[in-house]
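Enquirer: So I've got this file, work00.txt, and it contains compact mmCIF, C-alpha atoms:
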```
# COMPACT_ATOMS: atom_id res chain seq x y z
CA MET A 168 -120.88 76.47 290.71
CA ALA A 169 -118.13 79.03 290.87
CA ALA A 170 -118.23 79.12 294.67
CA GLY A 171 -117.49 75.40 294.77
CA ARG A 172 -114.24 75.92 292.88
CA ARG A 173 -113.08 78.84 294.97
CA HIS A 174 -110.51 77.84 297.60
CA LEU A 175 -111.80 77.35 301.09
CA THR A 176 -111.10 80.13 303.52
CA ASP A 177 -109.26 79.37 306.76
CA GLU A 178 -112.54 79.92 308.57
CA ASP A 179 -114.35 77.40 306.36
CA LEU A 180 -111.66 74.86 307.19
CA LEU A 181 -111.67 75.41 310.91
CA GLN A 182 -115.43 75.42 311.19
CA PHE A 183 -115.52 72.18 309.24
CA LEU A 184 -112.93 70.54 311.48
CA ASP A 185 -114.69 71.74 314.62
CA GLY A 186 -118.07 70.54 313.41
CA GLU A 187 -119.36 74.12 313.44
CA CYS A 188 -120.39 74.38 309.78
CA ALA A 189 -123.91 75.35 308.83
CA ALA A 190 -126.03 72.39 307.74
CA GLY A 191 -125.52 72.47 303.98
CA GLU A 192 -122.02 73.89 304.20
CA ALA A 193 -120.20 70.76 305.43
CA GLU A 194 -121.02 68.90 302.24
CA ARG A 195 -119.64 71.71 300.07
CA VAL A 196 -116.40 71.78 302.10
CA ARG A 197 -116.04 68.02 301.92
CA GLU A 198 -116.50 68.00 298.16
CA HIS A 199 -113.98 70.78 297.73
CA LEU A 200 -111.43 69.03 299.93
CA ASP A 201 -111.79 65.83 297.88
CA ALA A 202 -110.90 67.77 294.77
CA CYS A 203 -108.32 70.29 296.00
CA VAL A 204 -104.79 69.27 297.03
CA GLU A 205 -103.95 72.78 298.21
CA CYS A 206 -106.83 73.03 300.65
CA ARG A 207 -106.16 69.50 301.90
CA ALA A 208 -102.62 70.60 302.77
CA ARG A 209 -103.97 73.60 304.66
CA ARG A 210 -106.38 71.39 306.50
CA GLN A 211 -103.41 69.28 307.62
CA ASP A 212 -101.69 72.38 308.95
CA PHE A 213 -104.74 73.20 311.03
CA GLU A 214 -105.04 69.67 312.27
CA ARG A 215 -101.41 69.61 313.30
CA ALA A 216 -101.66 72.95 315.09
CA GLY A 217 -104.84 71.83 316.79
CA ALA A 218 -103.28 68.53 317.85
CA ILE A 219 -100.21 70.17 319.30
CA PHE A 220 -102.27 72.80 321.03
CA ASP A 221 -104.42 70.08 322.58
CA GLU A 222 -101.25 68.32 323.74
CA ILE A 223 -100.01 71.48 325.38
CA GLN A 224 -103.36 72.05 327.00
CA SER A 225 -103.56 68.57 328.44
CA ALA A 226 -99.96 68.72 329.68
CA VAL A 227 -100.63 72.08 331.30
CA GLN A 228 -103.94 70.87 332.66
CA ARG A 229 -102.36 67.84 334.30
CA GLU A 230 -100.08 70.15 336.20
CA ALA A 231 -102.73 72.79 336.82
CA ARG A 232 -103.75 73.66 340.26
CA GLN A 233 -106.95 72.13 341.58
CA PRO A 234 -109.12 74.29 343.79
CA GLY A 235 -108.29 73.71 347.43
CA LEU A 236 -110.58 71.65 349.63
CA GLU A 237 -111.11 74.71 351.73
CA THR A 238 -112.74 76.53 348.81
CA ARG A 239 -115.24 73.71 348.54
CA SER A 240 -116.02 73.63 352.24
CA VAL A 241 -116.45 77.40 352.44
CA LEU A 242 -118.78 77.22 349.44
CA ARG A 243 -120.73 74.48 351.17
CA GLU A 244 -121.16 76.64 354.27
CA ARG A 245 -122.23 79.64 352.21
CA LEU A 246 -124.75 77.55 350.30
CA ALA A 247 -126.19 76.25 353.54
CA ALA A 248 -126.44 79.79 354.88
CA ASP A 249 -128.28 80.97 351.76
CA ALA A 250 -130.61 77.98 351.45
CA PRO A 251 -134.18 78.68 352.53
CA ALA A 252 -135.39 77.18 355.78
CA PRO A 253 -137.49 74.04 355.24
CA ARG A 254 -141.00 75.13 354.36
CA LYS A 255 -144.04 74.08 356.25
CA GLY A 256 -146.84 72.34 354.38
CA LEU A 257 -148.34 74.62 351.78
CA PHE A 258 -151.83 74.34 353.19
CA SER A 259 -151.50 74.56 356.91
CA TRP A 260 -154.52 74.85 359.18
CA ALA A 261 -153.85 78.55 359.47
CA THR A 262 -154.19 78.89 355.70
CA TYR A 263 -157.49 77.02 355.69
CA ARG A 264 -158.81 79.13 358.52
CA TYR A 265 -157.75 82.31 356.74
CA ALA A 266 -159.31 81.14 353.46
CA ALA A 267 -162.54 80.28 355.25
CA VAL A 268 -162.73 83.73 356.80
CA VAL A 269 -162.09 85.40 353.44
CA ALA A 270 -164.75 83.24 351.76
CA ALA A 271 -167.26 84.06 354.47
CA VAL A 272 -166.65 87.79 354.12
CA LEU A 273 -167.05 87.63 350.35
CA LEU A 274 -170.23 85.60 350.67
CA LEU A 275 -171.68 88.09 353.10
CA GLY A 276 -170.79 90.86 350.72
CA ILE A 277 -172.63 89.19 347.87
CA LEU A 278 -175.63 88.42 350.04
CA ALA A 279 -175.78 92.01 351.11
CA GLY A 280 -175.86 93.01 347.48
CA ARG A 281 -172.56 94.76 347.85
CA SER A 282 -171.11 93.43 344.66
CA ARG A 283 -168.95 96.52 344.49
CA LEU A 284 -166.36 94.32 346.14
CA PHE A 285 -165.73 92.94 342.67
CA VAL A 286 -166.01 96.16 340.77
CA LEU A 287 -162.76 97.70 339.69
CA GLU A 288 -161.87 101.17 340.76
CA PRO A 289 -162.42 103.97 338.25
CA HIS A 290 -160.09 103.63 335.32
CA ALA A 291 -158.83 107.18 335.49
CA THR A 292 -157.08 106.43 338.78
CA ASP A 293 -155.51 103.35 337.29
CA GLU A 294 -154.24 105.18 334.26
CA ALA A 295 -152.57 107.72 336.49
CA ARG A 296 -150.91 104.95 338.46
CA LEU A 297 -149.36 103.21 335.50
CA ARG A 298 -146.49 105.58 335.99
CA PRO A 299 -145.12 106.46 339.40
CA ASP A 300 -145.44 109.94 340.84
CA SER A 301 -142.04 111.47 340.17
CA GLY A 302 -142.28 113.54 343.35
CA LEU A 303 -142.81 110.49 345.52
CA THR A 304 -140.71 108.08 343.50
CA PRO A 305 -137.86 109.89 341.76
CA GLY A 306 -135.76 106.69 341.71
CA ALA A 307 -132.66 105.90 343.72
CA THR A 308 -129.46 104.31 342.53
CA ARG A 309 -126.21 103.13 344.01
CA MET A 310 -122.67 103.42 342.71
CA ILE A 311 -122.01 100.33 340.68
CA ASP A 312 -119.47 98.83 338.42
CA LEU A 313 -120.76 97.64 335.05
CA ASN A 314 -119.03 94.33 335.57
CA GLU A 315 -120.98 93.84 338.72
CA ILE A 316 -124.37 94.13 337.05
CA CYS A 317 -123.33 92.34 333.91
CA ALA A 318 -121.79 89.37 335.73
CA GLU A 319 -125.09 88.23 337.13
CA SER A 320 -127.73 86.97 334.82
CA ASP A 321 -131.12 88.73 335.20
CA ASP A 322 -132.31 87.91 338.66
CA ASP A 323 -134.44 89.64 341.21
CA LEU A 324 -136.79 91.69 339.05
CA ASP A 325 -139.32 91.86 341.84
CA PRO A 326 -138.27 93.23 345.19
CA ALA A 327 -138.73 91.35 348.43
CA VAL A 328 -140.38 94.18 350.32
CA SER A 329 -141.11 94.00 354.01
CA SER A 330 -144.70 94.62 355.02
CA GLU A 331 -143.73 97.89 356.73
CA THR A 332 -142.06 99.20 353.58
CA LYS A 333 -145.01 98.14 351.45
CA GLU A 334 -147.39 99.92 353.81
CA LYS A 335 -145.23 103.03 353.74
CA VAL A 336 -145.17 103.11 349.94
CA LEU A 337 -148.93 102.56 349.69
CA GLN A 338 -149.57 105.27 352.28
CA GLU A 339 -147.47 107.74 350.33
CA TYR A 340 -149.67 107.09 347.34
CA GLY A 341 -152.81 107.47 349.43
CA LEU A 342 -153.75 103.83 349.13
CA ASN A 343 -155.23 102.00 352.06
CA GLU A 344 -154.72 98.48 353.25
CA LYS A 345 -157.70 97.27 351.27
CA ALA A 346 -156.00 98.28 348.07
CA SER A 347 -152.75 96.57 348.94
CA GLY A 348 -153.70 93.32 347.21
CA GLU A 349 -154.21 95.17 343.95
CA TYR A 350 -150.72 96.58 343.73
CA GLN A 351 -147.29 95.14 343.55
CA VAL A 352 -144.63 97.29 345.13
CA ASP A 353 -142.04 97.31 342.38
CA TYR A 354 -138.66 98.88 341.78
CA LEU A 355 -138.74 101.93 339.54
CA ILE A 356 -135.11 101.42 338.54
CA ASN A 357 -134.42 97.71 338.89
CA PRO A 358 -131.26 96.52 340.70
CA GLN A 359 -129.80 95.22 337.42
CA LEU A 360 -129.61 98.86 336.38
CA GLY A 361 -128.28 100.00 339.72
CA GLY A 362 -131.60 100.72 341.46
CA THR A 363 -131.90 100.26 345.23
CA SER A 364 -134.69 99.20 347.58
CA ASP A 365 -134.90 102.70 348.97
CA VAL A 366 -138.50 103.90 349.36
CA ARG A 367 -137.80 106.60 346.77
CA ASN A 368 -137.24 103.84 344.26
CA LEU A 369 -140.38 101.83 345.07
CA TRP A 370 -143.89 102.46 343.80
CA PRO A 371 -147.21 100.65 343.72
CA GLU A 372 -147.74 99.11 340.31
CA PRO A 373 -151.32 98.03 339.56
CA TYR A 374 -151.63 94.30 339.04
CA ARG A 375 -154.72 94.47 336.98
CA SER A 376 -153.54 96.68 334.18
CA ARG A 377 -153.84 94.43 331.17
CA VAL A 378 -151.42 96.34 329.01
CA TRP A 379 -148.85 98.33 330.91
CA ASN A 380 -148.27 95.89 333.73
CA ALA A 381 -145.34 94.44 335.66
CA ARG A 382 -144.64 91.94 332.91
CA ALA A 383 -144.16 94.70 330.35
CA LYS A 384 -141.90 96.55 332.74
CA ASP A 385 -139.85 93.38 333.34
CA ALA A 386 -139.38 93.08 329.58
CA LEU A 387 -138.10 96.65 329.41
CA GLU A 388 -135.76 96.03 332.34
CA THR A 389 -134.29 92.97 330.69
CA ARG A 390 -133.90 94.82 327.41
CA LEU A 391 -132.17 97.83 328.95
CA HIS A 392 -129.90 95.58 331.00
CA SER A 393 -128.63 93.78 327.93
CA MET A 394 -128.25 97.05 326.03
CA VAL A 395 -126.17 98.50 328.86
CA CYS A 396 -124.00 95.40 329.07
CA GLU A 397 -123.50 95.36 325.32
CA GLY A 398 -122.51 99.03 325.38
CA GLN A 399 -125.45 100.19 323.24
CA ILE A 400 -126.60 102.69 325.84
CA ASP A 401 -124.83 104.11 328.87
CA LEU A 402 -126.05 103.21 332.31
CA ALA A 403 -126.97 106.76 333.34
CA SER A 404 -129.24 107.18 330.30
CA ALA A 405 -130.91 103.85 330.92
CA GLN A 406 -131.57 104.83 334.54
CA ARG A 407 -132.89 108.23 333.52
CA GLU A 408 -135.19 106.89 330.84
CA ILE A 409 -136.75 104.17 332.95
CA ALA A 410 -137.19 106.59 335.84
CA THR A 411 -138.68 109.41 333.78
CA ASP A 412 -141.31 107.52 331.81
CA TRP A 413 -140.96 103.78 331.61
CA ILE A 414 -143.82 103.42 329.13
CA ALA A 415 -142.16 105.82 326.71
CA ALA A 416 -138.89 103.95 327.23
CA TYR A 417 -140.66 100.67 326.46
CA LYS A 418 -141.99 102.04 323.19
CA LYS A 419 -138.57 103.40 322.30
CA TYR A 420 -136.43 100.40 323.12
CA LEU A 421 -138.74 97.51 322.38
CA HIS A 422 -139.94 99.28 319.25
CA ARG A 423 -143.57 98.54 320.00
CA ASP A 424 -146.50 100.74 320.87
CA HIS A 425 -148.04 98.07 323.06
CA PRO A 426 -146.60 95.11 324.91
CA VAL A 427 -147.32 91.79 323.25
CA MET B 99 -105.97 59.41 315.80
CA PRO B 100 -106.32 61.54 318.89
CA PRO B 101 -109.36 63.81 319.04
CA LEU B 102 -107.92 66.96 317.57
CA PHE B 103 -110.92 69.17 317.78
CA SER B 104 -112.67 68.63 320.97
CA ASN B 105 -115.72 70.90 320.84
CA SER B 106 -118.74 69.08 322.05
CA ALA B 107 -121.88 69.86 320.18
CA SER B 108 -124.03 69.74 323.24
CA GLY B 109 -124.35 72.70 325.54
CA LEU B 110 -125.64 70.54 328.34
CA PHE B 111 -123.52 69.49 331.17
CA LEU B 112 -125.89 69.11 334.05
CA PRO B 113 -126.02 65.56 335.28
CA GLN B 114 -129.70 64.79 335.29
CA THR B 115 -129.86 62.62 338.35
CA GLY B 116 -133.62 62.68 338.33
CA THR B 117 -133.82 62.40 342.10
CA ALA B 118 -136.49 64.86 343.03
CA ASP B 119 -135.29 65.08 346.61
CA ALA B 120 -131.67 65.92 345.76
CA PRO B 121 -131.25 69.35 347.26
CA LEU B 122 -130.00 72.16 345.10
CA GLU B 123 -126.95 72.61 347.33
CA GLN B 124 -125.89 69.06 346.54
CA GLU B 125 -126.33 69.64 342.84
CA ILE B 126 -124.20 72.78 343.02
CA LEU B 127 -121.45 70.93 344.88
CA THR B 128 -121.49 68.16 342.27
CA LEU B 129 -121.13 70.78 339.55
CA PHE B 130 -118.37 72.43 341.53
CA ASP B 131 -116.52 69.10 341.65
CA SER B 132 -116.79 68.59 337.92
CA MET B 133 -116.10 72.13 336.73
CA SER B 134 -114.13 74.06 339.31
CA ALA B 135 -110.69 73.08 337.96
CA GLN B 136 -111.64 74.24 334.45
CA LEU B 137 -113.07 77.49 335.75
CA LEU B 138 -110.10 78.14 338.02
CA ARG B 139 -107.80 77.69 335.03
CA TYR B 140 -109.91 80.11 333.05
CA ALA B 141 -109.96 82.72 335.84
CA MET B 142 -106.20 82.44 336.28
CA SER B 143 -105.64 82.98 332.56
CA PHE B 144 -106.59 86.61 333.26
CA GLY B 145 -103.32 86.87 335.15
CA LEU B 146 -104.95 86.45 338.54
CA THR B 147 -103.43 84.59 341.47
CA ALA B 148 -104.77 81.19 342.50
CA HIS B 149 -106.15 82.85 345.61
CA ASP B 150 -108.18 85.35 343.58
CA GLY B 151 -109.20 82.57 341.21
CA GLU B 152 -110.57 80.44 344.03
CA ASP B 153 -112.48 83.39 345.42
CA ILE B 154 -114.03 83.94 342.04
CA ILE B 155 -115.17 80.39 341.46
CA GLN B 156 -116.76 80.38 344.88
CA GLU B 157 -118.75 83.47 343.85
CA VAL B 158 -119.62 81.84 340.53
CA PHE B 159 -121.16 78.78 342.15
CA LEU B 160 -122.96 80.88 344.70
CA ALA B 161 -124.42 82.95 341.85
CA LEU B 162 -125.38 79.71 340.07
CA PHE B 163 -127.14 78.59 343.24
CA HIS B 164 -129.19 81.80 343.36
CA HIS B 165 -129.86 81.58 339.64
CA LEU B 166 -131.29 78.07 339.94
CA GLN B 167 -132.98 78.78 343.23
CA LYS B 168 -135.05 81.43 341.46
CA GLY B 169 -136.05 78.90 338.85
CA ARG B 170 -134.12 80.65 336.07
CA SER B 171 -133.26 78.95 332.83
CA ARG B 172 -131.15 75.81 332.98
CA SER B 173 -130.33 75.85 329.31
CA ASN B 174 -126.66 76.20 328.56
CA LEU B 175 -125.46 76.48 332.12
CA ARG B 176 -121.94 75.65 331.01
CA GLY B 177 -121.85 78.84 328.97
CA TRP B 178 -123.44 80.65 331.90
CA VAL B 179 -120.81 79.69 334.48
CA PHE B 180 -117.96 80.50 332.10
CA ARG B 181 -119.52 83.86 331.34
CA VAL B 182 -119.89 84.72 335.02
CA THR B 183 -116.29 83.59 335.63
CA HIS B 184 -115.14 85.78 332.74
CA ASN B 185 -116.94 88.86 334.05
CA LEU B 186 -115.87 88.38 337.66
CA ALA B 187 -112.26 87.79 336.60
CA LEU B 188 -112.26 91.03 334.60
CA LYS B 189 -113.77 92.88 337.50
CA ARG B 190 -111.23 91.46 339.95
CA ARG B 191 -108.36 92.36 337.66
CA MET B 192 -109.65 95.89 337.32
CA GLY B 193 -110.06 96.15 341.08
CA ASN B 194 -106.53 94.86 341.66
CA ARG B 195 -105.16 97.42 339.25
CA SER B 196 -106.92 100.35 340.80
CA ARG B 197 -105.85 99.23 344.27
CA ALA B 198 -102.23 99.26 343.22
CA ASN B 199 -101.51 102.97 343.35
CA VAL B 200 -98.73 102.81 340.86
CA VAL B 201 -99.85 101.06 337.74
CA GLN B 202 -96.98 99.17 336.31
CA MET B 203 -97.75 98.93 332.66
CA GLU B 204 -95.21 96.22 331.98
CA ASP B 205 -97.32 93.91 334.11
CA PHE B 206 -100.02 94.01 331.52
CA LEU B 207 -98.07 93.86 328.32
CA PRO B 208 -97.91 90.54 326.57
CA GLU B 209 -94.15 90.82 326.25
CA GLN B 210 -93.85 89.56 329.78
CA HIS B 211 -94.59 86.08 328.49
CA THR B 212 -91.73 84.93 326.38
CA ALA B 213 -90.32 81.49 325.86
CA ASN B 214 -87.97 82.23 328.75
CA ASP B 215 -90.98 82.59 330.96
CA LEU B 216 -91.64 78.87 331.08
CA THR B 217 -91.39 77.59 334.58
CA PRO B 218 -88.79 74.88 335.23
CA GLU B 219 -91.65 72.39 335.59
CA GLU B 220 -93.00 73.36 332.18
CA GLU B 221 -89.59 73.01 330.63
CA VAL B 222 -89.36 69.47 331.93
CA LEU B 223 -92.94 68.73 330.99
CA LEU B 224 -92.92 70.06 327.47
CA GLY B 225 -90.74 69.13 324.59
CA GLU B 226 -88.92 71.79 322.61
CA ARG B 227 -91.66 71.91 320.00
CA GLN B 228 -94.40 72.30 322.57
CA ALA B 229 -92.46 74.94 324.46
CA ARG B 230 -92.14 76.95 321.27
CA LEU B 231 -95.88 76.75 320.67
CA LEU B 232 -96.69 77.63 324.23
CA ALA B 233 -94.53 80.72 323.89
CA VAL B 234 -96.44 81.75 320.77
CA TYR B 235 -99.72 81.02 322.49
CA ARG B 236 -98.82 83.24 325.41
CA VAL B 237 -98.13 86.28 323.31
CA LEU B 238 -101.44 86.04 321.44
CA PRO B 239 -103.83 88.94 321.96
CA GLU B 240 -105.99 88.20 324.99
CA ASN B 241 -109.23 87.64 323.08
CA GLU B 242 -107.56 85.10 320.79
CA ARG B 243 -105.99 83.32 323.73
CA LEU B 244 -109.27 83.17 325.65
CA CYS B 245 -111.18 81.85 322.62
CA LEU B 246 -108.55 79.18 322.08
CA GLN B 247 -108.65 78.17 325.71
CA LEU B 248 -112.44 77.97 325.80
CA ARG B 249 -112.36 75.90 322.64
CA ALA B 250 -109.93 73.52 324.32
CA GLU B 251 -112.30 73.33 327.28
CA GLY B 252 -114.91 72.02 324.87
CA LEU B 253 -117.19 75.04 324.44
CA THR B 254 -119.01 75.53 321.16
CA TYR B 255 -118.41 78.66 319.12
CA ARG B 256 -121.78 79.99 320.19
CA GLU B 257 -120.90 79.51 323.86
CA ILE B 258 -117.50 81.11 323.36
CA ALA B 259 -119.17 84.12 321.71
CA GLN B 260 -121.41 84.57 324.73
CA VAL B 261 -118.61 84.17 327.26
CA VAL B 262 -116.14 86.52 325.61
CA GLY B 263 -118.85 88.93 324.48
CA VAL B 264 -118.10 88.97 320.76
CA SER B 265 -120.10 87.85 317.73
CA LEU B 266 -120.09 84.33 316.40
CA GLY B 267 -118.20 85.48 313.30
CA THR B 268 -115.54 87.11 315.45
CA VAL B 269 -114.99 83.89 317.41
CA SER B 270 -114.42 82.06 314.17
CA THR B 271 -112.01 84.75 312.94
CA LEU B 272 -110.06 84.88 316.21
CA LEU B 273 -109.72 81.11 316.39
CA THR B 274 -108.68 80.84 312.78
CA ARG B 275 -106.11 83.59 313.13
CA SER B 276 -104.56 82.13 316.27
CA LEU B 277 -104.46 78.55 315.03
CA ALA B 278 -103.00 79.70 311.73
CA ARG B 279 -100.28 81.44 313.72
CA LEU B 280 -99.60 78.28 315.69
CA ALA B 281 -99.59 76.27 312.46
CA ARG B 282 -97.03 78.62 310.93
CA THR B 283 -94.79 78.29 313.99
CA GLU B 284 -95.06 74.56 313.73
CA GLY B 285 -94.30 74.59 310.02
CA ARG B 286 -91.01 76.43 310.51
```
Show the structure stored in the file as structure tokens.

Expert:
Amino acid sequence: MAAGRRHLTDEDLLQFLDGECAAGEAERVREHLDACVECRARRQDFERAGAIFDEIQSAVQREARQPGLETRSVLRERLAADAPAPRKGLFSWATYRYAAVVAAVLLLGILAGRSRLFVLEPHATDEARLRPDSGLTPGATRMIDLNEICAESDDDLDPAVSSETKEKVLQEYGLNEKASGEYQVDYLINPQLGGTSDVRNLWPEPYRSRVWNARAKDALETRLHSMVCEGQIDLASAQREIATDWIAAYKKYLHRDHPV
Amino acid sequence: MPPLFSNSASGLFLPQTGTADAPLEQEILTLFDSMSAQLLRYAMSFGLTAHDGEDIIQEVFLALFHHLQKGRSRSNLRGWVFRVTHNLALKRRMGNRSRANVVQMEDFLPEQHTANDLTPEEEVLLGERQARLLAVYRVLPENERLCLQLRAEGLTYREIAQVVGVSLGTVSTLLTRSLARLARTEGR
């Protein structure tokens, strides 16, 4: 094969030496090296440079500064401060009592023929709530540095919302306490894109939507975050698009009409 | 023959102790003990002081703690911590520059590192040949220098690509170019 006779590129050589060749490629390089004096000489150059560089590195590393003990002890304190308090048993008596009360209420409901407890609300309402009301939830952002949001890997897609905030958001949307279990209070613009936990950036997202649900929105958030960090879209546009119509943004950026 | 090319093929570095009751804090501190010197070196290669570098690695391990606490992926954590170090170091450097009202461009030009820049300790430590190579290394474009350093720390090309934020092909090109330059210096 002609390619076999062509001289190896520097990249071929280095990848071979570093064990980074593609599966079938290493064999081709080895065969060529066996046959070609010129490429063998170049390989030696690379090996020598690599060896000397490694020597320098290890000499420099021996002398390099180790992190101070204080850094470690401060880290230890900060970890302890951030660690969650020890949890009580998952099923405490209070949980059992609560579960028993809920079960009793449901049972009574069924006995009374009030099976509407299990009937979903009209779909029209749900459809409307797939997107937040832009008057109530225009979105709120903070000043951020791209490095700040790109340094952290995707965390915190779901807000930790206090019960008062949740109640306030539900009230704004005219939802009562009974409905609270059916909605997740979610960020409109997620913190990875500079969104805040301001009430103007929180909206009730229906849990039971099978298609346009929180999982689909999480996928969009992750996608936009990586696009922003890779410079494929600017942050302001990403914020605007997710805040204006996140479903349209999903279709546009995940190139799908429906979530998988 | 000494190991010339030290990339490990495995992206795993977490010691799997298997003790279910080992708290996450302990695991983070163990990782800190095994990796902090490497990461500090990497942070300082952005021209930051040791003080800034130590601040950064503290933030890195705190971020790792939150990452694992939330049950996020444990695959390729080595690449992950280097990437976070890289991003925080860039951010710190940018912050330092904007804080300094007068930007002194010569601080950021590679010319500042010449062979004469070797510290007295380095001069004692390194032979003439090594000193010459170190001087060449220091004037390499930053991306080439960082790739070379990460390679020496044992990261795979794929991990280096993720840390530096370039494609796999670019890593290969940058490494080849810089090592070829070192080889030419050596051949003189």

Enquirer: Excluding stretch 180-185 of chain B and its own-chain neighbours fewer than 6 positions away, which residues fall within 10 Å of it when counting all atoms listed in the file? Please give them as number ranges by chain.

Expert: A: 313-320; B: 133, 136-138, 140-141, 143-144, 151, 154-159, 161-162, 191, 244, 248, 253, 257-263

Enquirer: Dump C-alpha atoms for the selected residues as a PDB file, in the frame of the given file?

Expert:
```pdb
ATOM      1  CA  LEU A 313    -120.760  97.640 335.050  1.00  0.00           C
ATOM      2  CA  ASN A 314    -119.030  94.330 335.570  1.00  0.00           C
ATOM      3  CA  GLU A 315    -120.980  93.840 338.720  1.00  0.00           C
ATOM      4  CA  ILE A 316    -124.370  94.130 337.050  1.00  0.00           C
ATOM      5  CA  CYS A 317    -123.330  92.340 333.910  1.00  0.00           C
ATOM      6  CA  ALA A 318    -121.790  89.370 335.730  1.00  0.00           C
ATOM      7  CA  GLU A 319    -125.090  88.230 337.130  1.00  0.00           C
ATOM      8  CA  SER A 320    -127.730  86.970 334.820  1.00  0.00           C
TER       9      SER A 320
ATOM     10  CA  MET B 133    -116.100  72.130 336.730  1.00  0.00           C
ATOM     11  CA  GLN B 136    -111.640  74.240 334.450  1.00  0.00           C
ATOM     12  CA  LEU B 137    -113.070  77.490 335.750  1.00  0.00           C
ATOM     13  CA  LEU B 138    -110.100  78.140 338.020  1.00  0.00           C
ATOM     14  CA  TYR B 140    -109.910  80.110 333.050  1.00  0.00           C
ATOM     15  CA  ALA B 141    -109.960  82.720 335.840  1.00  0.00           C
ATOM     16  CA  SER B 143    -105.640  82.980 332.560  1.00  0.00           C
ATOM     17  CA  PHE B 144    -106.590  86.610 333.260  1.00  0.00           C
ATOM     18  CA  GLY B 151    -109.200  82.570 341.210  1.00  0.00           C
ATOM     19  CA  ILE B 154    -114.030  83.940 342.040  1.00  0.00           C
ATOM     20  CA  ILE B 155    -115.170  80.390 341.460  1.00  0.00           C
ATOM     21  CA  GLN B 156    -116.760  80.380 344.880  1.00  0.00           C
ATOM     22  CA  GLU B 157    -118.750  83.470 343.850  1.00  0.00           C
ATOM     23  CA  VAL B 158    -119.620  81.840 340.530  1.00  0.00           C
ATOM     24  CA  PHE B 159    -121.160  78.780 342.150  1.00  0.00           C
ATOM     25  CA  ALA B 161    -124.420  82.950 341.850  1.00  0.00           C
ATOM     26  CA  LEU B 162    -125.380  79.710 340.070  1.00  0.00           C
ATOM     27  CA  ARG B 191    -108.360  92.360 337.660  1.00  0.00           C
ATOM     28  CA  LEU B 244    -109.270  83.170 325.650  1.00  0.00           C
ATOM     29  CA  LEU B 248    -112.440  77.970 325.800  1.00  0.00           C
ATOM     30  CA  LEU B 253    -117.190  75.040 324.440  1.00  0.00           C
ATOM     31  CA  GLU B 257    -120.900  79.510 323.860  1.00  0.00           C
ATOM     32  CA  ILE B 258    -117.500  81.110 323.360  1.00  0.00           C
ATOM     33  CA  ALA B 259    -119.170  84.120 321.710  1.00  0.00           C
ATOM     34  CA  GLN B 260    -121.410  84.570 324.730  1.00  0.00           C
ATOM     35  CA  VAL B 261    -118.610  84.170 327.260  1.00  0.00           C
ATOM     36  CA  VAL B 262    -116.140  86.520 325.610  1.00  0.00           C
ATOM     37  CA  GLY B 263    -118.850  88.930 324.480  1.00  0.00           C
TER      38      GLY B 263
END
```

Enquirer: Chain B residues within 6 Å of chain A, counting all atoms listed in the file: which ones, as a list in words?

Expert: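 My answer is Leu102, Phe103, Ala135, Gln156, Val182, Asn185, Lys189, Thr274, Leu280 and Ala281 of chain B.
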
Enquirer: Let me see the file: selected residues, C-alpha atoms, as a short mmCIF file (atom, residue, chain, number, x, y, z; two decimals), in the frame of the given file.

Expert:
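Printed below is out.cif as written:
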```
data_model
loop_
_atom_site.label_atom_id
_atom_site.label_comp_id
_atom_site.auth_asym_id
_atom_site.auth_seq_id
_atom_site.Cartn_x
_atom_site.Cartn_y
_atom_site.Cartn_z
CA LEU B 102 -107.92 66.96 317.57
CA PHE B 103 -110.92 69.17 317.78
CA ALA B 135 -110.69 73.08 337.96
CA GLN B 156 -116.76 80.38 344.88
CA VAL B 182 -119.89 84.72 335.02
CA ASN B 185 -116.94 88.86 334.05
CA LYS B 189 -113.77 92.88 337.50
CA THR B 274 -108.68 80.84 312.78
CA LEU B 280 -99.60 78.28 315.69
CA ALA B 281 -99.59 76.27 312.46
#
```

Enquirer: With only C-alpha atoms as the counted atoms, please give the residues lying no more than 12 Å from A:Gly306, apart from itself and same-chain residues fewer than 4 positions off, as a list in words.

Expert: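 My list of contacting residues is Pro299, Asp300, Ser301, Gly302, Asp353, Tyr354, Leu355, Ile356, Asn357, Pro358, Leu360, Gly361, Gly362, Thr363, Ser364, Asp365, Val366, Arg367, Asn368, Leu369, Trp370, Gln406, Arg407, Glu408, Ile409, Ala410, Thr411, Asp412 and Trp413 of chain A.
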
Enquirer: Could you jot down the atom CA of B:Arg139 to atom CA of B:Gln247 separation for me, Å, one decimal place?

Expert: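 Calculated distance between atom CA of B:Arg139 and atom CA of B:Gln247 is 9.4 Å.
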
Enquirer: Mind giving me the straight-line distance from atom CA of B:Ile126 to atom CA of B:Phe163 in Å, one decimal?

Expert: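 Answer for the atom CA of B:Ile126 to atom CA of B:Phe163 separation: 6.5 Å.
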
Enquirer: Which polymer residues, protein or nucleic acid, are no farther than 12 Å from (-149.9, 103.1, 351.6), counting all atoms listed in the file, as an MDAnalysis selection string?

Expert: chainID A and resid 303 330:352 366 369:371

Enquirer: To one decimal place, how far is atom CA of B:Thr283 from atom CA of B:Gly267 in Å?

Expert: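 Interatomic distance, atom CA of B:Thr283 to atom CA of B:Gly267: 24.5 Å.
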
Enquirer: Could you check which of A:Ala327, A:Val395, A:Leu175, A:Leu297 is closest to A:Asn380, using only C-alpha atoms?

Expert: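 Result for the nearest residue to A:Asn380: A:Leu297.
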
Enquirer: Return the padded bounding box of stretch 326-336 of chain A as JSON: axis-aligned, built from all atoms listed in the file, 4 Å added on each side, with centre and edge lengths in Å to one decimal.

Expert:
```
{"center_x": -142.8, "center_y": 97.2, "center_z": 351.0, "size_x": 17.1, "size_y": 19.8, "size_z": 19.5}
```
